[in-house]
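Chemist: Below is the file input.cif, with mmCIF, C-alpha atoms.
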```cif
data_upload
loop_
_atom_site.label_atom_id
_atom_site.label_comp_id
_atom_site.auth_asym_id
_atom_site.auth_seq_id
_atom_site.Cartn_x
_atom_site.Cartn_y
_atom_site.Cartn_z
CA MET O 658 11.26 -16.96 -22.59
CA GLU O 659 9.45 -19.98 -24.01
CA ASN O 660 8.07 -22.40 -21.43
CA LYS O 661 4.91 -24.39 -20.76
CA ILE O 662 2.91 -21.44 -19.42
CA ARG O 663 0.11 -20.53 -21.82
CA LYS O 664 -2.61 -18.86 -19.74
CA ILE O 665 -1.97 -16.39 -16.92
CA GLY O 666 -4.54 -15.26 -14.38
CA VAL O 667 -4.27 -11.85 -12.72
CA PHE O 668 -6.15 -10.59 -9.67
CA THR O 669 -6.13 -7.90 -6.99
CA SER O 670 -6.72 -8.68 -3.33
CA GLY O 671 -6.87 -6.96 0.05
CA GLY O 672 -6.99 -3.18 0.29
CA ASP O 673 -7.07 -1.30 -2.99
CA ALA O 674 -4.24 1.04 -3.93
CA PRO O 675 -3.89 3.69 -6.66
CA GLY O 676 -1.91 2.15 -9.52
CA MET O 677 -3.45 -1.32 -9.35
CA ASN O 678 -5.20 -0.69 -12.67
CA ALA O 679 -1.91 0.31 -14.25
CA ALA O 680 -0.42 -2.99 -13.03
CA ILE O 681 -3.36 -4.99 -14.41
CA ARG O 682 -2.96 -3.22 -17.74
CA ALA O 683 0.75 -4.02 -17.86
CA VAL O 684 0.20 -7.70 -17.04
CA VAL O 685 -2.48 -8.06 -19.74
CA ARG O 686 -0.45 -6.29 -22.41
CA ALA O 687 2.73 -8.17 -21.52
CA CYS O 688 0.77 -11.40 -21.95
CA THR O 689 -0.40 -10.21 -25.36
CA TYR O 690 3.15 -9.25 -26.30
CA TYR O 691 4.46 -12.70 -25.39
CA LYS O 692 1.48 -14.42 -27.01
CA LYS O 693 -0.02 -15.72 -23.78
CA ASP O 694 -3.70 -15.66 -22.88
CA CYS O 695 -4.66 -13.56 -19.88
CA PHE O 696 -7.65 -13.94 -17.57
CA GLY O 697 -8.87 -11.51 -14.95
CA ILE O 698 -10.09 -13.04 -11.69
CA VAL O 699 -12.74 -10.74 -10.22
CA ARG O 700 -12.84 -10.09 -6.44
CA GLY O 701 -9.55 -11.80 -5.67
CA TYR O 702 -9.59 -15.17 -3.92
CA GLU O 703 -13.34 -14.90 -3.42
CA GLY O 704 -13.84 -14.67 -7.16
CA MET O 705 -11.44 -17.54 -7.69
CA ILE O 706 -13.62 -19.71 -5.45
CA ASP O 707 -16.80 -18.54 -7.20
CA GLY O 708 -15.37 -19.01 -10.68
CA ASP O 709 -15.73 -15.30 -11.50
CA ILE O 710 -13.11 -15.26 -14.26
CA VAL O 711 -13.07 -13.25 -17.50
CA LYS O 712 -10.83 -13.28 -20.58
CA LEU O 713 -8.83 -10.07 -21.02
CA GLY O 714 -7.11 -8.68 -24.08
CA ALA O 715 -5.03 -5.60 -24.85
CA ARG O 716 -8.15 -3.57 -25.65
CA SER O 717 -9.90 -4.76 -22.47
CA VAL O 718 -7.56 -2.62 -20.39
CA GLY O 719 -7.61 0.54 -22.47
CA ASN O 720 -8.15 3.85 -20.68
CA ILE O 721 -7.62 2.47 -17.16
CA ILE O 722 -4.04 3.53 -16.39
CA GLN O 723 -5.24 6.85 -14.91
CA ARG O 724 -8.04 5.35 -12.82
CA GLY O 725 -7.83 4.69 -9.09
CA GLY O 726 -9.17 1.54 -7.47
CA THR O 727 -9.16 -1.72 -9.40
CA ILE O 728 -11.34 -2.79 -12.32
CA LEU O 729 -11.05 -6.40 -11.10
CA LYS O 730 -12.37 -5.36 -7.69
CA SER O 731 -10.92 -6.63 -4.44
CA ALA O 732 -12.09 -8.65 -1.47
CA ARG O 733 -10.82 -10.47 1.58
CA SER O 734 -11.80 -14.14 1.62
CA GLN O 735 -12.19 -16.17 4.79
CA THR O 736 -13.19 -19.20 2.70
CA PHE O 737 -9.81 -19.22 0.94
CA ARG O 738 -8.19 -19.77 4.33
CA THR O 739 -9.72 -23.26 4.39
CA PRO O 740 -8.39 -26.29 2.44
CA GLU O 741 -11.86 -26.71 0.92
CA GLY O 742 -11.91 -23.14 -0.33
CA ARG O 743 -8.46 -23.41 -1.90
CA SER O 744 -9.39 -26.71 -3.53
CA LYS O 745 -12.45 -25.12 -5.09
CA ALA O 746 -10.35 -22.19 -6.32
CA TYR O 747 -7.88 -24.62 -7.90
CA GLU O 748 -10.66 -26.48 -9.70
CA ASN O 749 -11.97 -23.24 -11.17
CA ILE O 750 -8.70 -21.91 -12.50
CA ARG O 751 -7.76 -25.29 -13.96
CA ARG O 752 -11.16 -25.47 -15.64
CA GLU O 753 -10.23 -22.27 -17.47
CA GLY O 754 -6.82 -23.71 -18.32
CA ILE O 755 -5.00 -21.09 -16.24
CA ASP O 756 -1.52 -22.37 -15.46
CA ALA O 757 0.08 -19.37 -13.75
CA LEU O 758 -1.04 -16.54 -11.45
CA VAL O 759 -0.11 -12.90 -10.82
CA ALA O 760 -1.42 -11.41 -7.56
CA ILE O 761 -1.44 -7.69 -6.83
CA GLY O 762 -1.77 -6.87 -3.15
CA GLY O 763 -0.08 -6.88 0.24
CA ASP O 764 1.27 -9.41 2.75
CA GLY O 765 -2.09 -11.13 3.31
CA THR O 766 -2.48 -11.65 -0.43
CA PHE O 767 1.04 -13.03 -0.67
CA THR O 768 0.53 -15.40 2.25
CA GLY O 769 -2.53 -16.86 0.55
CA LEU O 770 -0.77 -17.29 -2.77
CA HIS O 771 2.25 -18.91 -1.12
CA LYS O 772 -0.02 -21.47 0.52
CA PHE O 773 -1.74 -22.06 -2.81
CA TYR O 774 1.64 -22.61 -4.48
CA GLU O 775 2.72 -25.06 -1.80
CA GLU O 776 -0.43 -27.14 -2.20
CA PHE O 777 -0.97 -27.07 -5.97
CA LYS O 778 2.35 -25.92 -7.47
CA ILE O 779 0.71 -23.32 -9.68
CA PRO O 780 3.49 -20.99 -10.90
CA SER O 781 2.81 -17.69 -9.19
CA ILE O 782 4.32 -14.28 -8.64
CA CYS O 783 3.29 -11.26 -6.56
CA ILE O 784 3.24 -7.53 -7.25
CA PRO O 785 3.34 -5.29 -4.13
CA GLY O 786 0.24 -3.09 -4.22
CA THR O 787 -0.34 -1.38 -0.86
CA ILE O 788 -0.28 2.26 0.18
CA ASP O 789 1.58 1.44 3.42
CA ASN O 790 4.94 0.73 1.71
CA ASP O 791 5.53 -1.85 4.41
CA LEU O 792 6.87 -4.78 2.37
CA PRO O 793 10.59 -5.65 2.42
CA GLY O 794 12.41 -6.38 -0.80
CA THR O 795 11.25 -3.22 -2.55
CA ASP O 796 11.96 0.47 -2.09
CA TYR O 797 8.38 1.35 -3.03
CA THR O 798 5.02 -0.36 -3.27
CA ILE O 799 2.32 0.60 -5.76
CA GLY O 800 0.02 3.25 -4.31
CA TYR O 801 2.34 4.62 -1.66
CA ASP O 802 3.42 7.67 -3.65
CA THR O 803 -0.16 8.63 -4.51
CA ALA O 804 -1.42 8.13 -0.95
CA THR O 805 1.40 10.23 0.48
CA ASN O 806 0.77 13.02 -2.03
CA THR O 807 -2.92 12.93 -1.11
CA ALA O 808 -1.99 13.29 2.57
CA VAL O 809 0.35 16.20 1.83
CA GLU O 810 -2.33 18.01 -0.18
CA ALA O 811 -4.76 17.62 2.70
CA ILE O 812 -2.17 18.81 5.23
CA ASP O 813 -1.49 21.91 3.13
CA ARG O 814 -5.17 22.82 3.19
CA ILE O 815 -5.43 22.16 6.91
CA ARG O 816 -2.40 24.37 7.50
CA ASP O 817 -4.18 27.28 5.83
CA THR O 818 -7.05 27.17 8.31
CA MET O 819 -4.72 26.33 11.20
CA LEU O 820 -2.72 29.52 10.66
CA SER O 821 -5.87 31.59 10.30
CA HIS O 822 -7.06 30.61 13.76
CA ASN O 823 -3.93 29.73 15.78
CA ARG O 824 -4.92 26.10 16.20
CA LEU O 825 -3.33 22.80 17.06
CA PHE O 826 -4.31 20.21 14.46
CA PHE O 827 -3.92 16.45 14.78
CA VAL O 828 -4.01 14.84 11.34
CA GLU O 829 -4.35 11.05 11.29
CA VAL O 830 -3.06 9.16 8.26
CA MET O 831 -3.15 5.49 7.38
CA GLY O 832 -0.42 3.17 8.63
CA ARG O 833 -1.51 0.50 11.08
CA ASN O 834 1.95 -1.05 11.32
CA SER O 835 3.99 1.29 9.17
CA GLY O 836 4.76 4.98 9.50
CA TYR O 837 5.95 5.61 5.93
CA ILE O 838 3.00 7.80 4.94
CA ALA O 839 3.17 9.64 8.26
CA ILE O 840 6.90 10.38 8.26
CA ASN O 841 7.11 11.64 4.69
CA SER O 842 3.83 13.56 4.64
CA GLY O 843 4.91 15.05 7.97
CA ILE O 844 8.25 16.21 6.59
CA ALA O 845 6.68 17.52 3.37
CA GLY O 846 3.82 19.17 5.26
CA GLY O 847 6.00 20.89 7.83
CA ALA O 848 4.60 19.02 10.83
CA THR O 849 5.68 19.96 14.35
CA ALA O 850 5.74 16.28 15.30
CA VAL O 851 5.12 12.91 13.67
CA ILE O 852 3.86 9.94 15.70
CA LEU O 853 4.86 6.56 14.25
CA PRO O 854 4.14 2.91 15.16
CA GLU O 855 7.88 2.21 14.93
CA GLU O 856 8.92 4.77 17.55
CA ASP O 857 8.59 4.73 21.31
CA MET O 858 7.66 8.38 21.75
CA THR O 859 5.66 8.97 24.93
CA PHE O 860 2.82 11.41 25.40
CA ASP O 861 5.08 13.51 27.63
CA ASP O 862 7.60 13.68 24.78
CA LEU O 863 4.88 14.97 22.46
CA TYR O 864 3.62 17.48 25.01
CA ASN O 865 7.12 18.85 25.49
CA ILE O 866 7.55 19.24 21.73
CA LEU O 867 4.32 21.24 21.55
CA GLY O 868 5.60 23.42 24.39
CA ALA O 869 2.22 24.54 25.68
CA ASP O 870 3.71 25.61 29.00
CA LYS O 871 6.47 27.75 27.50
CA GLU O 872 6.30 31.47 26.89
CA THR O 873 7.99 30.97 23.52
CA SER O 874 5.53 28.29 22.42
CA LYS O 875 4.16 28.43 18.90
CA LYS O 876 0.50 29.34 18.67
CA SER O 877 -0.05 26.97 15.73
CA ASN O 878 1.07 23.36 15.55
CA LEU O 879 0.34 20.43 13.28
CA VAL O 880 0.92 16.85 14.39
CA VAL O 881 0.74 13.93 11.95
CA VAL O 882 -0.32 10.67 13.58
CA ALA O 883 -0.11 7.23 11.98
CA GLU O 884 -3.24 5.24 12.81
CA GLY O 885 -1.09 2.57 14.48
CA SER O 886 0.46 4.99 16.98
CA LYS O 887 1.35 3.27 20.25
CA ILE O 888 0.36 6.27 22.37
CA GLY O 889 -3.11 6.70 20.93
CA ASP O 890 -4.95 7.78 17.82
CA ALA O 891 -5.49 11.43 16.88
CA ASN O 892 -8.68 11.82 18.91
CA THR O 893 -7.08 10.28 22.01
CA LEU O 894 -4.01 12.51 21.79
CA ALA O 895 -6.14 15.62 21.23
CA ARG O 896 -8.20 14.82 24.32
CA LYS O 897 -5.11 14.24 26.46
CA VAL O 898 -3.56 17.54 25.42
CA ALA O 899 -6.83 19.39 26.15
CA GLU O 900 -7.00 17.78 29.60
CA ARG O 901 -3.55 19.07 30.47
CA SER O 902 -3.66 22.56 28.94
CA SER O 903 -6.13 25.13 27.62
CA TYR O 904 -3.40 26.87 25.62
CA PHE O 905 -4.46 25.40 22.28
CA ASP O 906 -7.65 25.45 20.21
CA ILE O 907 -7.49 21.79 19.16
CA LYS O 908 -8.94 20.20 16.03
CA VAL O 909 -8.71 16.66 14.60
CA THR O 910 -8.84 15.49 10.99
CA ILE O 911 -8.80 11.80 10.10
CA LEU O 912 -7.98 11.30 6.42
CA GLY O 913 -8.95 7.61 6.39
CA HIS O 914 -9.87 6.04 3.06
CA LEU O 915 -9.48 9.34 1.27
CA GLN O 916 -5.85 8.24 0.88
CA ARG O 917 -6.79 5.12 -1.07
CA GLY O 918 -8.69 6.91 -3.82
CA GLY O 919 -7.82 9.21 -6.67
CA SER O 920 -5.85 9.07 -9.87
CA PRO O 921 -2.38 7.55 -9.38
CA THR O 922 0.65 9.79 -9.70
CA TYR O 923 2.99 9.42 -12.66
CA PHE O 924 5.40 7.59 -10.34
CA ASP O 925 2.85 4.94 -9.37
CA ARG O 926 1.75 4.51 -12.99
CA VAL O 927 5.30 3.92 -14.18
CA LEU O 928 6.17 1.72 -11.20
CA ALA O 929 3.05 -0.41 -11.71
CA SER O 930 3.75 -0.72 -15.43
CA ARG O 931 7.31 -1.88 -14.81
CA MET O 932 6.25 -4.34 -12.15
CA GLY O 933 3.43 -5.77 -14.26
CA ILE O 934 5.78 -6.52 -17.13
CA ALA O 935 8.42 -7.88 -14.73
CA ALA O 936 5.83 -10.24 -13.21
CA VAL O 937 4.93 -11.80 -16.56
CA GLU O 938 8.55 -12.02 -17.64
CA GLY O 939 9.49 -13.55 -14.29
CA LEU O 940 6.91 -16.30 -14.72
CA LEU O 941 8.17 -17.03 -18.23
CA GLN O 942 11.71 -17.22 -16.86
CA GLY O 943 10.68 -19.77 -14.24
CA LYS O 944 10.64 -17.44 -11.22
CA TYR O 945 7.86 -18.78 -9.00
CA ASP O 946 6.66 -18.03 -5.46
CA VAL O 947 8.42 -14.67 -5.48
CA MET O 948 7.55 -10.97 -5.27
CA VAL O 949 8.60 -8.37 -7.79
CA GLY O 950 10.36 -5.41 -6.24
CA ILE O 951 12.30 -2.30 -7.16
CA LYS O 952 15.71 -1.70 -5.58
CA ASP O 953 17.90 1.20 -6.67
CA ASN O 954 15.58 1.64 -9.69
CA LYS O 955 16.09 -1.95 -10.86
CA MET O 956 13.53 -4.75 -10.93
CA VAL O 957 14.32 -7.61 -8.55
CA TYR O 958 12.61 -10.85 -7.46
CA ASN O 959 12.35 -11.69 -3.77
CA ASP O 960 11.76 -15.13 -2.29
CA PHE O 961 8.59 -15.47 -0.23
CA THR O 962 10.55 -16.29 2.94
CA LEU O 963 12.32 -12.91 2.76
CA ILE O 964 9.01 -11.07 2.48
CA MET O 965 7.36 -12.82 5.40
CA THR O 966 10.30 -12.82 7.82
CA ASN O 967 11.42 -9.20 7.43
CA LYS O 968 9.96 -5.72 7.60
CA HIS O 969 10.53 -2.60 5.52
CA GLU O 970 11.95 -0.36 8.21
CA ILE O 971 11.86 3.42 8.09
CA ASP O 972 15.40 4.66 7.60
CA SER O 973 17.02 6.55 10.44
CA GLU O 974 17.84 9.48 8.16
CA SER O 975 14.13 10.29 7.67
CA LEU O 976 13.63 10.23 11.43
CA ARG O 977 16.63 12.50 11.92
CA ILE O 978 15.39 14.99 9.33
CA ALA O 979 11.90 15.11 10.84
CA LYS O 980 13.40 15.85 14.27
CA ILE O 981 15.59 18.69 13.00
CA LEU O 982 12.79 20.32 11.01
CA SER O 983 10.33 20.25 13.91
CA ILE O 984 12.23 22.96 15.84
#
```
Please re-express this file's structure in structure tokens.

Modeler:
Amino acid sequence: MENKIRKIGVFTSGGDAPGMNAAIRAVVRACTYYKKDCFGIVRGYEGMIDGDIVKLGARSVGNIIQRGGTILKSARSQTFRTPEGRSKAYENIRREGIDALVAIGGDGTFTGLHKFYEEFKIPSICIPGTIDNDLPGTDYTIGYDTATNTAVEAIDRIRDTMLSHNRLFFVEVMGRNSGYIAINSGIAGGATAVILPEEDMTFDDLYNILGADKETSKKSNLVVVAEGSKIGDANTLARKVAERSSYFDIKVTILGHLQRGGSPTYFDRVLASRMGIAAVEGLLQGKYDVMVGIKDNKMVYNDFTLIMTNKHEIDSESLRIAKILSI
């Protein structure tokens, strides 16, 4: 794996996800293993522009694998979208002697790094860290498993109070363009219905599933709504049901950023560790402008064009199962 790369920079960008720290740890320790220097770039592209760069060693990343969030912090940078901002970022990383980059984040992070690679030819590789699990080329993204487990735990607690009072609960989970958290937390949480951005369910369809006008209707129902629902968010749907029927005592819970926090599950820790090592090894093997992924439990490398021109679709089997179980 010998090549000209000597110093690798690692950073996190965009929304944080549980497991990012485990990925940082793996990148740093893989660099140490292969006798490469590693630098942490604080606050993503914004820190790159500001020159906020620190040397990291194996001991620098001790005791972080179990922590949520990211020790390198994260930010979205409008300045990096400009040629001047990217030029400044390039000057700063070259000043430190950094000759390769590992980015941990989502599609916005990858788009920025691809542009940076096109302009300055800095060897770079991406690790998918986003709770939405919406990136093609990988079965799972870092943080998705933890976020879904967090949603399921919340749904279980909500179900307890729902059954105690015969209520209809709308539970809104994250997923602006992807329904992965919604569909699987809905199945695991025993939801009556799941509303996804990918489906064309109408409000009438939902109302019929709830069966408020039927004598055999259930007194208690739980509906999981992805925040990107085409027919309205949880509050909107709750209001529309209340306007049509007084059958239900309706409550709304929006989980929001609760899903981003917390200690990562074992799955996310192991996934992040594997991807971090694969990212460093990929760079040393000459794999640039690609994203690490996991397919059928094997590490793969995906070209940037595949990532940006495709979408990680929810499989039809999950949709079928959710429909059967909602009876």

Chemist: Which residue gives the smallest distance to Gly742 (chain O) among O:Ile984, O:Met705, O:Ala760, O:Ala680, with only C-alpha atoms counted?

Modeler: O:Met705

Chemist: Which residues are close to Cys695 (chain O), i.e. within 10 Å by all atoms listed in the file, leaving aside same-chain residues fewer than 6 positions away? Reply as JSON, numbers by chain.

Modeler: {"O": [663, 664, 665, 666, 667, 684, 685, 686, 687, 688, 689, 711, 712, 713, 714, 715, 755, 757, 758]}

Chemist: When the PyMOL selection byres ((chain O and resi 961) around 12) is applied to the file above, which residues end up in the set, as JSON, numbers by chain?

Modeler: {"O": [764, 766, 767, 768, 769, 770, 771, 772, 774, 775, 781, 782, 783, 784, 792, 793, 794, 944, 945, 946, 947, 948, 949, 950, 958, 959, 960, 962, 963, 964, 965, 966, 967]}

Chemist: Would you mind reading off the distance between CA of Ala732 (chain O) and CA of Glu703 (chain O), one decimal, in Å?

Modeler: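 So the two atoms, CA of Ala732 (chain O) and CA of Glu703 (chain O), lie 6.7 Å apart.
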
Chemist: Provide the CA of Ser975 (chain O) to CA of Asp890 (chain O) distance in Å, to one decimal place.

Modeler: 21.8 Å

Chemist: Please indicate the distance in Å from CA of Lys908 (chain O) to CA of Asn790 (chain O), rounded to one decimal place.

Modeler: 27.9 Å

Chemist: Identify, on the basis of all atoms listed in the file, every residue whose closest approach to Leu867 (chain O) does not exceed 12 Å; exclude the query and any residue fewer than 6 positions from it along the same chain; express the result as a list in words.

Modeler: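 The residues that qualify are Arg824, Leu825, Phe826, Phe827, Ala848, Thr849, Ala850, Val851, Phe860, Asp861, Thr873, Ser874, Lys875, Lys876, Ser877, Asn878, Leu879, Val880, Ala895, Val898, Ser902, Tyr904, Phe905, Ser983 and Ile984 of chain O.
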
Chemist: Taking the file above as input, evaluate the PyMOL selection byres ((chain O and resi 919) around 6) and report the hits as a PyMOL selection string.

Modeler: chain O and resi 725+918+920

Chemist: With the file shown as input, list the residues that the PyMOL selection byres ((chain O and resi 839) around 12) selects, as a PDB file with C-alpha atoms, keeping the file's coordinate frame.

Modeler:
```pdb
ATOM      1  CA  ILE O 788      -0.280   2.260   0.180  1.00  0.00           C
ATOM      2  CA  ASP O 789       1.580   1.440   3.420  1.00  0.00           C
ATOM      3  CA  ASN O 790       4.940   0.730   1.710  1.00  0.00           C
ATOM      4  CA  TYR O 801       2.340   4.620  -1.660  1.00  0.00           C
ATOM      5  CA  ALA O 804      -1.420   8.130  -0.950  1.00  0.00           C
ATOM      6  CA  THR O 805       1.400  10.230   0.480  1.00  0.00           C
ATOM      7  CA  ASN O 806       0.770  13.020  -2.030  1.00  0.00           C
ATOM      8  CA  THR O 807      -2.920  12.930  -1.110  1.00  0.00           C
ATOM      9  CA  ALA O 808      -1.990  13.290   2.570  1.00  0.00           C
ATOM     10  CA  VAL O 809       0.350  16.200   1.830  1.00  0.00           C
ATOM     11  CA  ILE O 812      -2.170  18.810   5.230  1.00  0.00           C
ATOM     12  CA  PHE O 827      -3.920  16.450  14.780  1.00  0.00           C
ATOM     13  CA  VAL O 828      -4.010  14.840  11.340  1.00  0.00           C
ATOM     14  CA  GLU O 829      -4.350  11.050  11.290  1.00  0.00           C
ATOM     15  CA  VAL O 830      -3.060   9.160   8.260  1.00  0.00           C
ATOM     16  CA  MET O 831      -3.150   5.490   7.380  1.00  0.00           C
ATOM     17  CA  GLY O 832      -0.420   3.170   8.630  1.00  0.00           C
ATOM     18  CA  ARG O 833      -1.510   0.500  11.080  1.00  0.00           C
ATOM     19  CA  ASN O 834       1.950  -1.050  11.320  1.00  0.00           C
ATOM     20  CA  SER O 835       3.990   1.290   9.170  1.00  0.00           C
ATOM     21  CA  GLY O 836       4.760   4.980   9.500  1.00  0.00           C
ATOM     22  CA  TYR O 837       5.950   5.610   5.930  1.00  0.00           C
ATOM     23  CA  ILE O 838       3.000   7.800   4.940  1.00  0.00           C
ATOM     24  CA  ILE O 840       6.900  10.380   8.260  1.00  0.00           C
ATOM     25  CA  ASN O 841       7.110  11.640   4.690  1.00  0.00           C
ATOM     26  CA  SER O 842       3.830  13.560   4.640  1.00  0.00           C
ATOM     27  CA  GLY O 843       4.910  15.050   7.970  1.00  0.00           C
ATOM     28  CA  ILE O 844       8.250  16.210   6.590  1.00  0.00           C
ATOM     29  CA  ALA O 845       6.680  17.520   3.370  1.00  0.00           C
ATOM     30  CA  GLY O 846       3.820  19.170   5.260  1.00  0.00           C
ATOM     31  CA  GLY O 847       6.000  20.890   7.830  1.00  0.00           C
ATOM     32  CA  ALA O 848       4.600  19.020  10.830  1.00  0.00           C
ATOM     33  CA  ALA O 850       5.740  16.280  15.300  1.00  0.00           C
ATOM     34  CA  VAL O 851       5.120  12.910  13.670  1.00  0.00           C
ATOM     35  CA  ILE O 852       3.860   9.940  15.700  1.00  0.00           C
ATOM     36  CA  LEU O 853       4.860   6.560  14.250  1.00  0.00           C
ATOM     37  CA  PRO O 854       4.140   2.910  15.160  1.00  0.00           C
ATOM     38  CA  GLU O 855       7.880   2.210  14.930  1.00  0.00           C
ATOM     39  CA  GLU O 856       8.920   4.770  17.550  1.00  0.00           C
ATOM     40  CA  VAL O 880       0.920  16.850  14.390  1.00  0.00           C
ATOM     41  CA  VAL O 881       0.740  13.930  11.950  1.00  0.00           C
ATOM     42  CA  VAL O 882      -0.320  10.670  13.580  1.00  0.00           C
ATOM     43  CA  ALA O 883      -0.110   7.230  11.980  1.00  0.00           C
ATOM     44  CA  GLU O 884      -3.240   5.240  12.810  1.00  0.00           C
ATOM     45  CA  GLY O 885      -1.090   2.570  14.480  1.00  0.00           C
ATOM     46  CA  SER O 886       0.460   4.990  16.980  1.00  0.00           C
ATOM     47  CA  LEU O 912      -7.980  11.300   6.420  1.00  0.00           C
ATOM     48  CA  GLN O 916      -5.850   8.240   0.880  1.00  0.00           C
ATOM     49  CA  ILE O 971      11.860   3.420   8.090  1.00  0.00           C
ATOM     50  CA  SER O 975      14.130  10.290   7.670  1.00  0.00           C
ATOM     51  CA  LEU O 976      13.630  10.230  11.430  1.00  0.00           C
ATOM     52  CA  ALA O 979      11.900  15.110  10.840  1.00  0.00           C
TER      53      ALA O 979
END
```

Chemist: May I ask which of the residues O:Gly913, O:Thr798, O:Ile981, O:Ile681 is the closest one to Ala936 (chain O), counting only C-alpha atoms?

Modeler: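 Of the candidates, the smallest distance to Ala936 (chain O) is held by O:Ile681.
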
Chemist: As a VMD selection string, please: the residues near Lys955 (chain O) (cut-off 12 Å, all atoms listed in the file, same-chain neighbours under 2 positions excluded).

Modeler: chain O and resid 794 to 797 928 931 to 932 935 949 to 953 957 to 958

Chemist: Quick one: residues within 9 Å of Thr922 (chain O), only C-alpha atoms, excluding same-chain residues fewer than 6 positions away - as an MDAnalysis selection string?

Modeler: chainID O and resid 675:676 723 800 802:803 806

Chemist: Axis-aligned box over every listed atom of region 979-982 of chain O, padded by 3 Å per side: centre and edges in Å to one decimal, as AutoDock Vina command-line options?

Modeler:
```
--center_x 13.7 --center_y 17.7 --center_z 12.6 --size_x 9.7 --size_y 11.2 --size_z 9.4
```

Chemist: Using all atoms listed in the file, which of the listed residues (O:Thr739, O:Asn749, O:Gly671, O:Arg724) sits closest to Asp709 (chain O)?

Modeler: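 Among O:Thr739, O:Asn749, O:Gly671, O:Arg724, it is O:Asn749 that comes nearest to Asp709 (chain O).
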
Chemist: Missing atoms in region 709-721 of chain O need filling: write out N, CA and C atoms for it as a PDB file, in the frame of the given file.

Modeler:
```pdb
ATOM      1  N   ASP O 709     -15.468 -16.586 -10.857  1.00  0.00           N
ATOM      2  CA  ASP O 709     -15.730 -15.300 -11.500  1.00  0.00           C
ATOM      3  C   ASP O 709     -14.484 -14.874 -12.275  1.00  0.00           C
ATOM      4  N   ILE O 710     -14.335 -15.410 -13.471  1.00  0.00           N
ATOM      5  CA  ILE O 710     -13.110 -15.260 -14.260  1.00  0.00           C
ATOM      6  C   ILE O 710     -13.471 -14.810 -15.674  1.00  0.00           C
ATOM      7  N   VAL O 711     -12.768 -13.783 -16.178  1.00  0.00           N
ATOM      8  CA  VAL O 711     -13.070 -13.250 -17.500  1.00  0.00           C
ATOM      9  C   VAL O 711     -11.799 -13.175 -18.355  1.00  0.00           C
ATOM     10  N   LYS O 712     -11.958 -13.391 -19.643  1.00  0.00           N
ATOM     11  CA  LYS O 712     -10.830 -13.280 -20.580  1.00  0.00           C
ATOM     12  C   LYS O 712     -10.529 -11.797 -20.812  1.00  0.00           C
ATOM     13  N   LEU O 713      -9.260 -11.443 -20.801  1.00  0.00           N
ATOM     14  CA  LEU O 713      -8.830 -10.070 -21.020  1.00  0.00           C
ATOM     15  C   LEU O 713      -7.884  -9.991 -22.203  1.00  0.00           C
ATOM     16  N   GLY O 714      -8.027  -8.939 -22.974  1.00  0.00           N
ATOM     17  CA  GLY O 714      -7.110  -8.680 -24.080  1.00  0.00           C
ATOM     18  C   GLY O 714      -6.569  -7.271 -23.975  1.00  0.00           C
ATOM     19  N   ALA O 715      -5.678  -6.919 -24.895  1.00  0.00           N
ATOM     20  CA  ALA O 715      -5.030  -5.600 -24.850  1.00  0.00           C
ATOM     21  C   ALA O 715      -6.046  -4.473 -24.843  1.00  0.00           C
ATOM     22  N   ARG O 716      -7.135  -4.631 -25.591  1.00  0.00           N
ATOM     23  CA  ARG O 716      -8.150  -3.570 -25.650  1.00  0.00           C
ATOM     24  C   ARG O 716      -9.041  -3.575 -24.409  1.00  0.00           C
ATOM     25  N   SER O 717      -9.075  -4.679 -23.686  1.00  0.00           N
ATOM     26  CA  SER O 717      -9.900  -4.760 -22.470  1.00  0.00           C
ATOM     27  C   SER O 717      -9.416  -3.799 -21.393  1.00  0.00           C
ATOM     28  N   VAL O 718      -8.160  -3.441 -21.444  1.00  0.00           N
ATOM     29  CA  VAL O 718      -7.560  -2.620 -20.390  1.00  0.00           C
ATOM     30  C   VAL O 718      -7.189  -1.233 -20.895  1.00  0.00           C
ATOM     31  N   GLY O 719      -7.832  -0.809 -21.979  1.00  0.00           N
ATOM     32  CA  GLY O 719      -7.610   0.540 -22.470  1.00  0.00           C
ATOM     33  C   GLY O 719      -8.244   1.566 -21.541  1.00  0.00           C
ATOM     34  N   ASN O 720      -7.600   2.716 -21.437  1.00  0.00           N
ATOM     35  CA  ASN O 720      -8.150   3.850 -20.680  1.00  0.00           C
ATOM     36  C   ASN O 720      -8.354   3.553 -19.190  1.00  0.00           C
ATOM     37  N   ILE O 721      -7.506   2.725 -18.603  1.00  0.00           N
ATOM     38  CA  ILE O 721      -7.620   2.470 -17.160  1.00  0.00           C
ATOM     39  C   ILE O 721      -6.370   2.897 -16.392  1.00  0.00           C
TER      40      ILE O 721
END
```
